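Novice: Would you mind keeping the following structure in view while I ask a few things?
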Amino acid sequence: MTSFAPAVRKHRRTALALVLCGGLAVALTACGADEDPDKGTNGVGKLTAAEIDTKARAAAGAATAVRLSGTLVSKGGTYQLDMKLNAEGGMGSVSSTKQSFALLRIEDELFLKAPAAFWTHEESGTGGEADAAAADKLGGKYVKVPEDDPSYRQLRGFTDKKVLLDGLLALHGKLNKGGRDTVAGHRTVQVLGGKGEGGAFDVSLEATPYPVRVARAGGGGTVSLADWGQTFPLAAPDEDDTVDYGGQLPKSSG
């Protein structure tokens, strides 16, 4: 007669293993559910939206430097921004589908560098000899922007850490706490203006609670904020690479 005892014992062992594995899975799931999501973070995720906003702004204001890169949408135009900023000034580039230029500011001295086409009006058909002469002189050079020039204040704003951050971090509507995410390797928590229609920004949950990404209200673009506190060289351009136009700059095509 054939014995079925070994097969029975095998099935019992398999069933017991499944029960144990199932119990272990439930136990692990329970442990994961009880784990503190703020463990190992800077703790700002436990705060209210208003408190997170306050801490993020304070951290941004106290930082010695920052890099901003991303897209800004304004008055129907889309601009790519890549700027390094500190308390003394800033440097970087601004570009659109039609034009691009570099900016450099040290204290009150502001320089703009753009290709010759920036100083002409070829697209509008209004260019002339004066435009061509200005383009020949200014194209590819750092042009010192006079402080009384109408464009000085606007261009300076791109190089001013406080002005840019105040504008980017301004949310509209009641502040609300959003979800959590990972931005550039940093765990984050989001602060919303309203339900997001008033803008939003992500705040790092690791180390200092810096804002690391901003979504502007009304589809106004998305900007990343990085390299907080990282120093960078900021020096005036060489004399042979600089043009002091003297009076008011000619109106550019941009």
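Scheme for the structure tokens: letters A, B, ... for chains in order shown; per-chain residue numbers from 1; ligand numbers from 1 in order shown.
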I'd like the neighbourhood of region 200-212 of chain A as a ChimeraX atom specification, where a residue qualifies if any of its atoms comes within 10 Å (using only C-alpha atoms), though same-chain residues fewer than 3 positions away should be ignored.

Specialist: /A:38,40-45,52-53,55-61,63,68,165,168-172,175-197,215-217,222-228

Novice: Would you pick out the contacts of region 82-88 of chain A at 9 Å or less, using only C-alpha atoms, so that residues sharing its chain but fewer than 6 positions from it are not included, and give the list as a list in words?

Specialist: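 Neighbouring residues, sequence-local ones excluded: Ala63, Thr64, Ala65, Val66, Arg67, Leu68, Ser69, Gly70, Thr71, Val94, Ser95, Leu103, Arg105, Ile106, Glu107, Asp108, Phe158, Thr159, Asp160, Lys161, Lys162, Asp227, Gly229, Thr231, Phe232 and Leu234 of chain A.
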
Novice: Counting only C-alpha atoms, figure out which residue out of A:Lys46, A:Asp240, A:Gly198, A:Lys137 gets nearest to Gly218 (chain A).

Specialist: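 For Gly218 (chain A), the nearest of the given residues is A:Gly198.
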
Novice: What's the separation between CA of Lys98 (chain A) and CA of Pro233 (chain A), in Å to one decimal place?

Specialist: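 CA of Pro233 (chain A) lies 29.3 Å from CA of Lys98 (chain A).
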
Novice: As an mmCIF file with N, CA and C atoms, in the first residue's frame, list the residues of region 103-254 of chain A assigned to helix (DSSP H, G or I) by DSSP on the backbone atoms of this structure.

Specialist:
```
data_model
loop_
_atom_site.group_PDB
_atom_site.id
_atom_site.type_symbol
_atom_site.label_atom_id
_atom_site.label_comp_id
_atom_site.auth_asym_id
_atom_site.auth_seq_id
_atom_site.Cartn_x
_atom_site.Cartn_y
_atom_site.Cartn_z
ATOM 1 N N ALA A 116 24.757 91.628 -31.547
ATOM 2 C CA ALA A 116 24.437 92.852 -32.287
ATOM 3 C C ALA A 116 22.957 92.949 -32.635
ATOM 4 N N ALA A 117 22.323 91.794 -32.936
ATOM 5 C CA ALA A 117 20.913 91.803 -33.335
ATOM 6 C C ALA A 117 20.008 92.360 -32.240
ATOM 7 N N PHE A 118 20.461 92.268 -31.004
ATOM 8 C CA PHE A 118 19.659 92.772 -29.887
ATOM 9 C C PHE A 118 19.448 94.278 -30.002
ATOM 10 N N TRP A 119 20.420 94.974 -30.580
ATOM 11 C CA TRP A 119 20.381 96.442 -30.626
ATOM 12 C C TRP A 119 19.807 96.969 -31.933
ATOM 13 N N GLU A 129 20.588 103.375 -40.124
ATOM 14 C CA GLU A 129 22.033 103.509 -39.972
ATOM 15 C C GLU A 129 22.437 103.661 -38.512
ATOM 16 N N ALA A 130 21.594 104.408 -37.746
ATOM 17 C CA ALA A 130 21.907 104.612 -36.325
ATOM 18 C C ALA A 130 21.894 103.281 -35.577
ATOM 19 N N ASP A 131 20.906 102.434 -35.901
ATOM 20 C CA ASP A 131 20.832 101.121 -35.256
ATOM 21 C C ASP A 131 22.053 100.278 -35.607
ATOM 22 N N ALA A 132 22.441 100.315 -36.872
ATOM 23 C CA ALA A 132 23.588 99.530 -37.316
ATOM 24 C C ALA A 132 24.859 99.999 -36.625
ATOM 25 N N ALA A 133 24.987 101.313 -36.482
ATOM 26 C CA ALA A 133 26.178 101.852 -35.822
ATOM 27 C C ALA A 133 26.212 101.439 -34.359
ATOM 28 N N ALA A 134 25.042 101.493 -33.679
ATOM 29 C CA ALA A 134 24.969 101.101 -32.271
ATOM 30 C C ALA A 134 25.269 99.617 -32.116
ATOM 31 N N ALA A 135 24.723 98.809 -33.033
ATOM 32 C CA ALA A 135 24.948 97.365 -32.965
ATOM 33 C C ALA A 135 26.418 97.025 -33.127
ATOM 34 N N ASP A 136 27.077 97.724 -34.056
ATOM 35 C CA ASP A 136 28.507 97.478 -34.257
ATOM 36 C C ASP A 136 29.311 97.798 -33.014
ATOM 37 N N LYS A 137 28.883 98.824 -32.288
ATOM 38 C CA LYS A 137 29.622 99.262 -31.110
ATOM 39 C C LYS A 137 29.306 98.423 -29.879
ATOM 40 N N LEU A 138 28.049 98.029 -29.755
ATOM 41 C CA LEU A 138 27.591 97.385 -28.521
ATOM 42 C C LEU A 138 27.530 95.854 -28.591
ATOM 43 N N TYR A 152 17.246 100.608 -16.659
ATOM 44 C CA TYR A 152 18.144 100.225 -15.564
ATOM 45 C C TYR A 152 17.392 99.501 -14.448
ATOM 46 N N ARG A 153 16.311 100.078 -13.991
ATOM 47 C CA ARG A 153 15.585 99.499 -12.856
ATOM 48 C C ARG A 153 15.019 98.121 -13.199
ATOM 49 N N GLN A 154 14.476 97.988 -14.406
ATOM 50 C CA GLN A 154 13.898 96.706 -14.798
ATOM 51 C C GLN A 154 14.970 95.630 -14.903
ATOM 52 N N LEU A 155 16.076 95.965 -15.564
ATOM 53 C CA LEU A 155 17.152 94.987 -15.718
ATOM 54 C C LEU A 155 17.804 94.655 -14.387
ATOM 55 N N ARG A 156 17.952 95.661 -13.533
ATOM 56 C CA ARG A 156 18.550 95.423 -12.221
ATOM 57 C C ARG A 156 17.729 94.421 -11.421
ATOM 58 N N GLY A 157 16.402 94.452 -11.606
ATOM 59 C CA GLY A 157 15.533 93.537 -10.876
ATOM 60 C C GLY A 157 15.867 92.080 -11.103
ATOM 61 N N LYS A 161 18.618 89.748 -5.551
ATOM 62 C CA LYS A 161 18.148 88.565 -4.816
ATOM 63 C C LYS A 161 16.848 88.830 -4.072
ATOM 64 N N LYS A 162 16.772 89.917 -3.343
ATOM 65 C CA LYS A 162 15.573 90.196 -2.544
ATOM 66 C C LYS A 162 14.365 90.460 -3.432
ATOM 67 N N VAL A 163 14.550 91.254 -4.473
ATOM 68 C CA VAL A 163 13.441 91.583 -5.362
ATOM 69 C C VAL A 163 12.880 90.336 -6.032
ATOM 70 N N LEU A 164 13.773 89.493 -6.567
ATOM 71 C CA LEU A 164 13.311 88.289 -7.249
ATOM 72 C C LEU A 164 12.639 87.308 -6.297
ATOM 73 N N LEU A 165 13.242 87.076 -5.140
ATOM 74 C CA LEU A 165 12.662 86.115 -4.198
ATOM 75 C C LEU A 165 11.331 86.609 -3.644
ATOM 76 N N ASP A 166 11.247 87.906 -3.333
ATOM 77 C CA ASP A 166 9.980 88.449 -2.830
ATOM 78 C C ASP A 166 8.870 88.252 -3.858
ATOM 79 N N GLY A 167 9.208 88.445 -5.133
ATOM 80 C CA GLY A 167 8.213 88.280 -6.178
ATOM 81 C C GLY A 167 7.834 86.828 -6.397
ATOM 82 N N LEU A 168 8.834 85.955 -6.419
ATOM 83 C CA LEU A 168 8.569 84.541 -6.687
ATOM 84 C C LEU A 168 7.796 83.868 -5.561
ATOM 85 N N ALA A 217 1.608 81.844 -9.957
ATOM 86 C CA ALA A 217 0.160 81.884 -10.153
ATOM 87 C C ALA A 217 -0.184 82.142 -11.617
ATOM 88 N N GLY A 218 -1.338 81.615 -12.026
ATOM 89 C CA GLY A 218 -1.838 81.894 -13.364
ATOM 90 C C GLY A 218 -0.990 81.365 -14.489
ATOM 91 N N GLY A 219 -0.264 80.286 -14.247
ATOM 92 C CA GLY A 219 0.584 79.740 -15.297
ATOM 93 C C GLY A 219 1.770 80.625 -15.621
ATOM 94 N N GLU A 239 38.252 95.700 -19.159
ATOM 95 C CA GLU A 239 38.008 96.970 -19.844
ATOM 96 C C GLU A 239 37.868 96.794 -21.346
ATOM 97 N N ASP A 240 38.684 95.909 -21.936
ATOM 98 C CA ASP A 240 38.610 95.733 -23.385
ATOM 99 C C ASP A 240 37.373 94.957 -23.824
ATOM 100 N N ASP A 241 36.589 94.479 -22.866
ATOM 101 C CA ASP A 241 35.340 93.778 -23.161
ATOM 102 C C ASP A 241 34.136 94.608 -22.721
#
```

Novice: Would you mind writing down, as a ChimeraX atom specification, each residue of region 37-219 of chain A that DSSP on the backbone assigns to strand (DSSP E)?

Specialist: /A:65-74,77-86,89-95,100-106,109-113,142-144,175-183,186-193,200-204,211-215

Novice: Applying 9 Å and only C-alpha atoms, which residues near Tyr142 (chain A) remain after dropping the ones on its own chain fewer than 2 positions away? List them as a list in words.

Specialist: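 Contacts, in chain order: Ala102, Leu103, Leu104, Phe111, Leu112, Lys113, Ala114, Leu138, Gly139, Gly140, Lys144, Pro237, Asp238, Asp241, Thr242, Val243 and Asp244 of chain A.
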
Novice: A:Pro115, A:Pro150, A:Tyr245, A:Arg213: which is nearest Phe101 (chain A), counting only C-alpha atoms?

Specialist: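 Ranking A:Pro115, A:Pro150, A:Tyr245, A:Arg213 by distance to Phe101 (chain A), first place goes to A:Pro115.
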
Novice: If you measure from CA of Gly221 (chain A) to CA of Lys174 (chain A), what distance in Å do you get, rounded to one decimal?

Specialist: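 Between these atoms lies a distance of 20.5 Å.
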
Novice: What separation in Å, quoted to one decimal, exists between CA of Glu147 (chain A) and CA of Leu81 (chain A)?

Specialist: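 Going from CA of Glu147 (chain A) over to CA of Leu81 (chain A), I get 22.7 Å.
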
Novice: Counting only C-alpha atoms, figure out which residue out of A:Gly199, A:Gly220, A:Gly92, A:Pro146 gets nearest to Gly173 (chain A).

Specialist: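 Nearest to Gly173 (chain A): A:Gly199.
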